[in-house]
$ cat final-v9.cif   # mmCIF, C-alpha atoms and all ligand atoms
data_entry
#
loop_
_atom_site.group_PDB
_atom_site.id
_atom_site.type_symbol
_atom_site.label_atom_id
_atom_site.label_comp_id
_atom_site.auth_asym_id
_atom_site.auth_seq_id
_atom_site.Cartn_x
_atom_site.Cartn_y
_atom_site.Cartn_z
ATOM 1 C CA MET A 7 31.371 38.964 188.056
ATOM 2 C CA LYS A 8 29.432 39.220 191.305
ATOM 3 C CA TYR A 9 25.674 38.878 191.006
ATOM 4 C CA GLU A 10 23.360 40.019 193.758
ATOM 5 C CA ASP A 11 20.098 39.302 192.035
ATOM 6 C CA PHE A 12 18.783 36.014 190.669
ATOM 7 C CA GLU A 13 16.775 37.702 187.918
ATOM 8 C CA VAL A 14 19.817 39.560 186.564
ATOM 9 C CA LEU A 15 21.916 36.399 186.712
ATOM 10 C CA LYS A 16 19.202 34.385 185.003
ATOM 11 C CA SER A 17 18.645 36.859 182.206
ATOM 12 C CA GLU A 18 22.375 37.067 181.446
ATOM 13 C CA CYS A 19 22.769 33.290 181.601
ATOM 14 C CA THR A 20 19.844 32.656 179.282
ATOM 15 C CA ALA A 21 21.525 34.878 176.672
ATOM 16 C CA CYS A 22 24.913 33.133 177.042
ATOM 17 C CA THR A 23 26.952 32.256 173.952
ATOM 18 C CA LYS A 24 30.230 31.436 175.735
ATOM 19 C CA CYS A 25 30.523 27.906 174.349
ATOM 20 C CA GLY A 26 29.522 26.005 171.234
ATOM 21 C CA LEU A 27 26.525 24.381 172.904
ATOM 22 C CA CYS A 28 24.638 27.657 172.364
ATOM 23 C CA GLN A 29 24.378 26.819 168.673
ATOM 24 C CA THR A 30 22.239 23.717 169.070
ATOM 25 C CA ARG A 31 20.156 24.508 172.148
ATOM 26 C CA THR A 32 16.457 25.332 172.126
ATOM 27 C CA ASN A 33 16.472 26.797 175.651
ATOM 28 C CA VAL A 34 19.117 27.562 178.233
ATOM 29 C CA VAL A 35 18.182 25.432 181.255
ATOM 30 C CA PHE A 36 19.121 27.796 184.053
ATOM 31 C CA GLY A 37 17.764 26.068 187.153
ATOM 32 C CA VAL A 38 14.629 25.638 189.213
ATOM 33 C CA GLY A 39 13.544 25.668 192.818
ATOM 34 C CA LYS A 40 13.791 27.699 195.982
ATOM 35 C CA GLU A 41 16.371 30.425 195.562
ATOM 36 C CA ASP A 42 17.527 30.269 199.182
ATOM 37 C CA ALA A 43 17.257 26.484 199.541
ATOM 38 C CA ARG A 44 19.474 24.709 202.101
ATOM 39 C CA ILE A 45 19.861 21.784 199.699
ATOM 40 C CA MET A 46 21.044 22.104 196.110
ATOM 41 C CA LEU A 47 21.183 19.302 193.539
ATOM 42 C CA VAL A 48 23.431 19.447 190.500
ATOM 43 C CA GLY A 49 23.118 17.261 187.401
ATOM 44 C CA GLU A 50 25.211 17.036 184.291
ATOM 45 C CA GLY A 51 23.334 18.895 181.600
ATOM 46 C CA PRO A 52 19.943 19.144 179.948
ATOM 47 C CA GLY A 53 18.534 16.273 177.901
ATOM 48 C CA GLU A 54 15.951 16.547 175.149
ATOM 49 C CA ASN A 55 12.927 17.268 177.349
ATOM 50 C CA GLU A 56 14.839 19.791 179.431
ATOM 51 C CA ASP A 57 16.077 21.558 176.284
ATOM 52 C CA LEU A 58 12.508 21.792 174.982
ATOM 53 C CA GLN A 59 10.940 22.917 178.285
ATOM 54 C CA GLY A 60 13.770 24.999 179.749
ATOM 55 C CA GLU A 61 13.631 23.256 183.129
ATOM 56 C CA PRO A 62 16.058 20.709 184.636
ATOM 57 C CA PHE A 63 15.048 17.091 185.186
ATOM 58 C CA VAL A 64 11.604 17.082 183.600
ATOM 59 C CA GLY A 65 11.906 13.778 181.683
ATOM 60 C CA LYS A 66 11.739 10.198 182.976
ATOM 61 C CA ALA A 67 14.955 10.625 184.995
ATOM 62 C CA GLY A 68 13.476 13.764 186.535
ATOM 63 C CA GLN A 69 10.346 11.895 187.602
ATOM 64 C CA LEU A 70 12.536 9.379 189.396
ATOM 65 C CA LEU A 71 14.494 12.183 191.060
ATOM 66 C CA ASP A 72 11.261 13.853 192.194
ATOM 67 C CA LYS A 73 10.190 10.521 193.715
ATOM 68 C CA TYR A 74 13.382 10.149 195.744
ATOM 69 C CA LEU A 75 13.070 13.746 196.920
ATOM 70 C CA GLN A 76 9.461 13.202 197.910
ATOM 71 C CA VAL A 77 10.383 10.178 200.047
ATOM 72 C CA ILE A 78 12.570 12.411 202.229
ATOM 73 C CA GLY A 79 10.244 15.415 202.316
ATOM 74 C CA LEU A 80 12.005 17.490 199.673
ATOM 75 C CA SER A 81 10.643 19.038 196.494
ATOM 76 C CA ARG A 82 11.674 21.455 193.753
ATOM 77 C CA HIS A 83 8.446 23.331 194.496
ATOM 78 C CA THR A 84 9.220 24.055 198.126
ATOM 79 C CA ASN A 85 12.704 23.449 199.477
ATOM 80 C CA VAL A 86 15.455 22.479 197.031
ATOM 81 C CA TYR A 87 17.256 24.168 194.157
ATOM 82 C CA ILE A 88 18.207 22.121 191.072
ATOM 83 C CA ALA A 89 20.758 23.050 188.403
ATOM 84 C CA ASN A 90 23.253 21.455 186.028
ATOM 85 C CA ILE A 91 26.979 21.701 185.288
ATOM 86 C CA VAL A 92 26.204 22.827 181.722
ATOM 87 C CA LYS A 93 23.073 24.820 180.970
ATOM 88 C CA CYS A 94 22.679 23.882 177.295
ATOM 89 C CA ARG A 95 21.998 20.399 175.923
ATOM 90 C CA PRO A 96 24.987 18.627 174.418
ATOM 91 C CA PRO A 97 24.043 17.200 170.985
ATOM 92 C CA GLN A 98 22.828 13.560 171.159
ATOM 93 C CA ASN A 99 23.197 13.835 174.950
ATOM 94 C CA ARG A 100 26.953 13.292 174.731
ATOM 95 C CA ASP A 101 29.004 14.099 177.838
ATOM 96 C CA PRO A 102 29.747 17.809 178.131
ATOM 97 C CA LYS A 103 33.377 18.474 177.198
ATOM 98 C CA GLU A 104 35.876 19.747 179.730
ATOM 99 C CA ASP A 105 36.040 23.227 178.153
ATOM 100 C CA GLU A 106 32.237 23.473 177.992
ATOM 101 C CA GLN A 107 31.995 22.501 181.664
ATOM 102 C CA GLU A 108 34.654 25.005 182.680
ATOM 103 C CA LEU A 109 33.077 27.870 180.720
ATOM 104 C CA CYS A 110 29.633 27.113 182.105
ATOM 105 C CA MET A 111 30.761 26.653 185.707
ATOM 106 C CA ASP A 112 30.860 30.439 186.191
ATOM 107 C CA TRP A 113 27.066 30.412 186.053
ATOM 108 C CA LEU A 114 26.817 27.577 188.565
ATOM 109 C CA ARG A 115 29.301 29.295 190.883
ATOM 110 C CA ALA A 116 27.222 32.475 190.750
ATOM 111 C CA GLN A 117 24.055 30.456 191.454
ATOM 112 C CA THR A 118 25.727 28.721 194.379
ATOM 113 C CA ARG A 119 26.870 32.036 195.842
ATOM 114 C CA LEU A 120 23.291 33.319 195.741
ATOM 115 C CA VAL A 121 21.577 30.157 197.018
ATOM 116 C CA LYS A 122 24.244 29.533 199.698
ATOM 117 C CA PRO A 123 23.153 25.932 200.309
ATOM 118 C CA ASP A 124 24.393 23.863 203.256
ATOM 119 C CA ILE A 125 24.527 20.660 201.197
ATOM 120 C CA ILE A 126 25.162 20.068 197.484
ATOM 121 C CA VAL A 127 24.174 16.690 196.043
ATOM 122 C CA CYS A 128 25.987 15.761 192.831
ATOM 123 C CA LEU A 129 23.829 13.632 190.557
ATOM 124 C CA GLY A 130 26.162 11.333 188.654
ATOM 125 C CA ARG A 131 29.821 11.121 187.723
ATOM 126 C CA ILE A 132 30.144 14.327 185.693
ATOM 127 C CA ALA A 133 28.845 16.564 188.500
ATOM 128 C CA ALA A 134 30.695 14.667 191.240
ATOM 129 C CA GLN A 135 34.003 14.775 189.381
ATOM 130 C CA LYS A 136 33.600 18.481 188.681
ATOM 131 C CA LEU A 137 32.434 19.534 192.154
ATOM 132 C CA ILE A 138 33.962 16.961 194.531
ATOM 133 C CA SER A 139 37.081 15.472 193.000
ATOM 134 C CA PRO A 140 38.303 14.595 189.487
ATOM 135 C CA ASP A 141 38.712 10.924 190.388
ATOM 136 C CA PHE A 142 35.358 10.509 192.158
ATOM 137 C CA LYS A 143 33.907 7.014 191.643
ATOM 138 C CA VAL A 144 30.135 6.923 192.124
ATOM 139 C CA THR A 145 30.035 3.161 192.698
ATOM 140 C CA ARG A 146 32.581 3.403 195.524
ATOM 141 C CA GLN A 147 31.921 6.830 197.056
ATOM 142 C CA HIS A 148 28.172 7.388 196.674
ATOM 143 C CA GLY A 149 26.456 8.546 199.854
ATOM 144 C CA GLU A 150 29.632 9.889 201.506
ATOM 145 C CA PHE A 151 29.507 13.457 202.811
ATOM 146 C CA ILE A 152 32.608 15.517 202.105
ATOM 147 C CA LYS A 153 33.208 18.900 203.691
ATOM 148 C CA LYS A 154 34.581 21.630 201.414
ATOM 149 C CA GLY A 155 34.670 25.141 202.794
ATOM 150 C CA ASN A 156 31.380 25.761 204.541
ATOM 151 C CA MET A 157 29.409 23.254 202.448
ATOM 152 C CA LEU A 158 28.900 19.505 202.494
ATOM 153 C CA PHE A 159 29.005 17.605 199.203
ATOM 154 C CA MET A 160 27.582 14.185 198.469
ATOM 155 C CA GLY A 161 27.660 12.262 195.200
ATOM 156 C CA THR A 162 25.042 9.744 194.177
ATOM 157 C CA PHE A 163 23.882 7.867 191.084
ATOM 158 C CA HIS A 164 22.502 9.832 188.162
ATOM 159 C CA PRO A 165 18.762 9.089 187.910
ATOM 160 C CA ALA A 166 19.132 8.328 184.179
ATOM 161 C CA ALA A 167 21.795 5.733 185.060
ATOM 162 C CA LEU A 168 19.335 4.201 187.535
ATOM 163 C CA LEU A 169 16.774 3.824 184.755
ATOM 164 C CA ARG A 170 19.387 1.895 182.752
ATOM 165 C CA ASN A 171 20.607 -0.068 185.756
ATOM 166 C CA PRO A 172 17.749 -0.494 188.281
ATOM 167 C CA LEU A 173 19.902 -2.776 190.453
ATOM 168 C CA ASN A 174 21.463 0.387 191.905
ATOM 169 C CA LYS A 175 18.110 1.851 192.970
ATOM 170 C CA PRO A 176 18.250 0.583 196.588
ATOM 171 C CA ASP A 177 21.694 2.164 197.006
ATOM 172 C CA ALA A 178 20.417 5.423 195.547
ATOM 173 C CA LEU A 179 17.446 5.409 197.911
ATOM 174 C CA SER A 180 19.745 4.898 200.880
ATOM 175 C CA ASP A 181 21.838 7.877 199.712
ATOM 176 C CA PHE A 182 18.710 10.049 199.819
ATOM 177 C CA GLN A 183 17.877 8.638 203.239
ATOM 178 C CA ALA A 184 21.422 9.490 204.343
ATOM 179 C CA LEU A 185 20.773 13.019 203.079
ATOM 180 C CA ARG A 186 17.653 13.190 205.254
ATOM 181 C CA ASP A 187 19.618 11.864 208.253
ATOM 182 C CA LYS A 188 22.292 14.518 207.669
ATOM 183 C CA ILE A 189 19.639 17.274 207.489
ATOM 184 C CA ASN A 190 18.226 16.060 210.813
ATOM 185 C CA GLU A 191 21.624 15.589 212.438
ATOM 186 C CA LEU A 192 22.720 19.123 211.552
ATOM 187 C CA ASN A 193 19.322 20.599 212.401
ATOM 188 C CA ILE A 194 19.106 22.157 208.959
ATOM 189 C CA ASN A 195 15.951 24.176 208.776
ATOM 190 C CA ILE A 196 14.682 23.352 205.271
HETATM 191 N N1 LIG B 201 20.059 14.876 183.235
HETATM 192 C C1 LIG B 201 20.771 15.869 183.828
HETATM 193 O O1 LIG B 201 21.910 15.690 184.207
HETATM 194 N N2 LIG B 201 20.176 17.032 183.972
HETATM 195 C C2 LIG B 201 18.928 17.288 183.593
HETATM 196 O O2 LIG B 201 18.459 18.412 183.794
HETATM 197 C C3 LIG B 201 18.198 16.238 182.989
HETATM 198 C C4 LIG B 201 18.791 15.039 182.818
HETATM 199 FE FE1 LIG B 202 26.816 29.380 177.938
HETATM 200 FE FE2 LIG B 202 26.813 27.223 179.468
HETATM 201 FE FE3 LIG B 202 25.209 27.355 177.371
HETATM 202 FE FE4 LIG B 202 27.811 27.093 177.015
HETATM 203 S S1 LIG B 202 26.459 25.586 177.990
HETATM 204 S S2 LIG B 202 26.459 28.521 175.921
HETATM 205 S S3 LIG B 202 28.626 28.296 178.711
HETATM 206 S S4 LIG B 202 25.100 28.641 179.184
#
$ encode --input "final-v9.cif" --output "structure tokens" --more "lines below"
Ligand code: URA
Ligand code: SF4
Amino acid sequence: MKYEDFEVLKSECTACTKCGLCQTRTNVVFGVGKEDARIMLVGEGPGENEDLQGEPFVGKAGQLLDKYLQVIGLSRHTNVYIANIVKCRPPQNRDPKEDEQELCMDWLRAQTRLVKPDIIVCLGRIAAQKLISPDFKVTRQHGEFIKKGNMLFMGTFHPAALLRNPLNKPDALSDFQALRDKINELNINI
């Protein structure tokens, strides 16, 4: 289905019962940010705080993400759009299953068609493997820009993984700096 209006898309998505995750969610976590942003970030799926508040990346991992964005002059309040591969929290924060991801991707595709970003940043393995390539390895390929159609994709560490493994934080920061360099290089008007 082709959506031309964010509000229509959002209201249909927030009523979605296409996969089993609808049974245990509190809120559908649709997405947040500027609806015509040049930069879009995609995570894996809501955690506990996101499920309770209905907004992506609002827990500890989200605070870290907001910090990295701030360093390069980006923010969910002004110039980026943030969404997830699956919109409902998987129980106990397990990885979303392949069929759940596939069913939910229709919503993300519709969002992407409306936002029309120049660059999509995949936060973590699940998003990078779904959007860039099924064998994407974050440790080896983080920070690389890959052209697909008229968009650039880049995969980086998931902020929750950085909280568990802070040794990767400098690499993550340089990925965000590479994002800023790319924005400047391409003269993207954010
Ligand atoms: N982790 C994600 O992948 N997405 C969120 O929205 C929050 C945590
Ligand atoms: Fe629908 Fe996605 Fe939620 Fe599944 S995870 S019920 S497909 S919105």
$ residues_near_ligand --input "final-v9.cif" --ligand "ligand LIG 201 (chain B)" --cutoff "8 Å" --atoms "all atoms listed in the file" --output "number ranges by chain"
A: 35, 48-53, 55-56, 61-65, 67-68, 89-91, 129-130, 164-166
$ resolve_selection --input "final-v9.cif" --expression "the PyMOL selection byres (((chain A and resi 182) around 8) and not hetatm)" --output "list in words"
Tyr74, Leu75, Ile78, Gly149, Ala178, Leu179, Ser180, Asp181, Gln183, Ala184, Leu185 and Arg186 of chain A
$ closest_atom_pairs --input "final-v9.cif" --of "chain A" --to "ligand LIG 202 (chain B)" --cutoff "8 Å" --atoms "only C-alpha atoms and all ligand atoms" --output "CSV"
residue,atom,partner,partner_atom,distance
A:Cys19,CA,B:LIG202,S4,5.7
A:Thr20,CA,B:LIG202,S4,6.6
A:Ala21,CA,B:LIG202,S4,7.6
A:Cys22,CA,B:LIG202,FE1,4.3
A:Thr23,CA,B:LIG202,S2,4.3
A:Lys24,CA,B:LIG202,FE1,4.6
A:Cys25,CA,B:LIG202,FE4,3.9
A:Gly26,CA,B:LIG202,FE4,6.1
A:Leu27,CA,B:LIG202,FE4,5.1
A:Cys28,CA,B:LIG202,S2,4.1
A:Gln29,CA,B:LIG202,S2,7.7
A:Arg31,CA,B:LIG202,FE3,7.8
A:Val34,CA,B:LIG202,S4,6.2
A:Val35,CA,B:LIG202,S4,7.9
A:Phe36,CA,B:LIG202,S4,7.8
A:Val92,CA,B:LIG202,S1,4.6
A:Lys93,CA,B:LIG202,S1,4.6
A:Cys94,CA,B:LIG202,S1,4.2
A:Arg95,CA,B:LIG202,S1,7.1
A:Pro96,CA,B:LIG202,S1,8.0
A:Glu106,CA,B:LIG202,FE4,5.8
A:Gln107,CA,B:LIG202,S3,7.3
A:Glu108,CA,B:LIG202,S3,7.9
A:Leu109,CA,B:LIG202,S3,4.9
A:Cys110,CA,B:LIG202,S3,3.7
A:Met111,CA,B:LIG202,FE2,7.4
A:Trp113,CA,B:LIG202,FE2,7.3
$ residues_around --input "final-v9.cif" --residues "Leu80 in chain A" --least-positions-apart "3" --cutoff "12 Å" --atoms "all atoms listed in the file" --output "list in words"
Gly39, Lys40, Ala43, Arg44, Ile45, Met46, Leu47, Leu71, Asp72, Lys73, Tyr74, Leu75, Gln76, Val77, His83, Thr84, Asn85, Val86, Tyr87, Ile88, Phe182, Gln183, Leu185, Arg186, Ile189, Asn195 and Ile196 of chain A
$ closest_residue --input "final-v9.cif" --among "A:Glu13, A:Arg119, A:Asp57, A:Arg131" --to "Ala167 in chain A" --atoms "only C-alpha atoms"
A:Arg131
$ closest_residue --input "final-v9.cif" --among "A:Gly79, A:Gly37, A:Gly155, A:Pro97" --to "Glu54 in chain A" --atoms "only C-alpha atoms"
A:Pro97
$ atom_distance --input "final-v9.cif" --atom1 "CA of Asn193 in chain A" --atom2 "CA of Asp11 in chain A"
27.7 Å
$ atom_distance --input "final-v9.cif" --atom1 "CA of Glu191 in chain A" --atom2 "CA of Ile125 in chain A"
12.7 Å
$ atom_distance --input "final-v9.cif" --atom1 "CA of Tyr9 in chain A" --atom2 "CA of Ser139 in chain A"
26.1 Å
$ residues_around --input "final-v9.cif" --residues "Asn156 in chain A" --least-positions-apart "2" --cutoff "10 Å" --atoms "all atoms listed in the file" --output "VMD selection string"
chain A and resid 122 to 125 153 to 154 158
$ resolve_selection --input "final-v9.cif" --expression "the PyMOL selection byres (((chain A and resi 137) around 10) and not hetatm)" --output "number ranges by chain"
A: 48, 91, 111, 126-128, 131-136, 138-140, 142, 154, 159-161
$ closest_residue --input "final-v9.cif" --among "A:Ser17, A:Met7, A:Leu173, A:Glu41" --to "Gln117 in chain A" --atoms "only C-alpha atoms"
A:Glu41
$ axis_aligned_box --input "final-v9.cif" --around "range 100-104 of chain A" --padding-each-side "4 Å" --output "JSON"
{"center_x": 31.4, "center_y": 16.5, "center_z": 177.2, "size_x": 16.9, "size_y": 14.5, "size_z": 13.0}
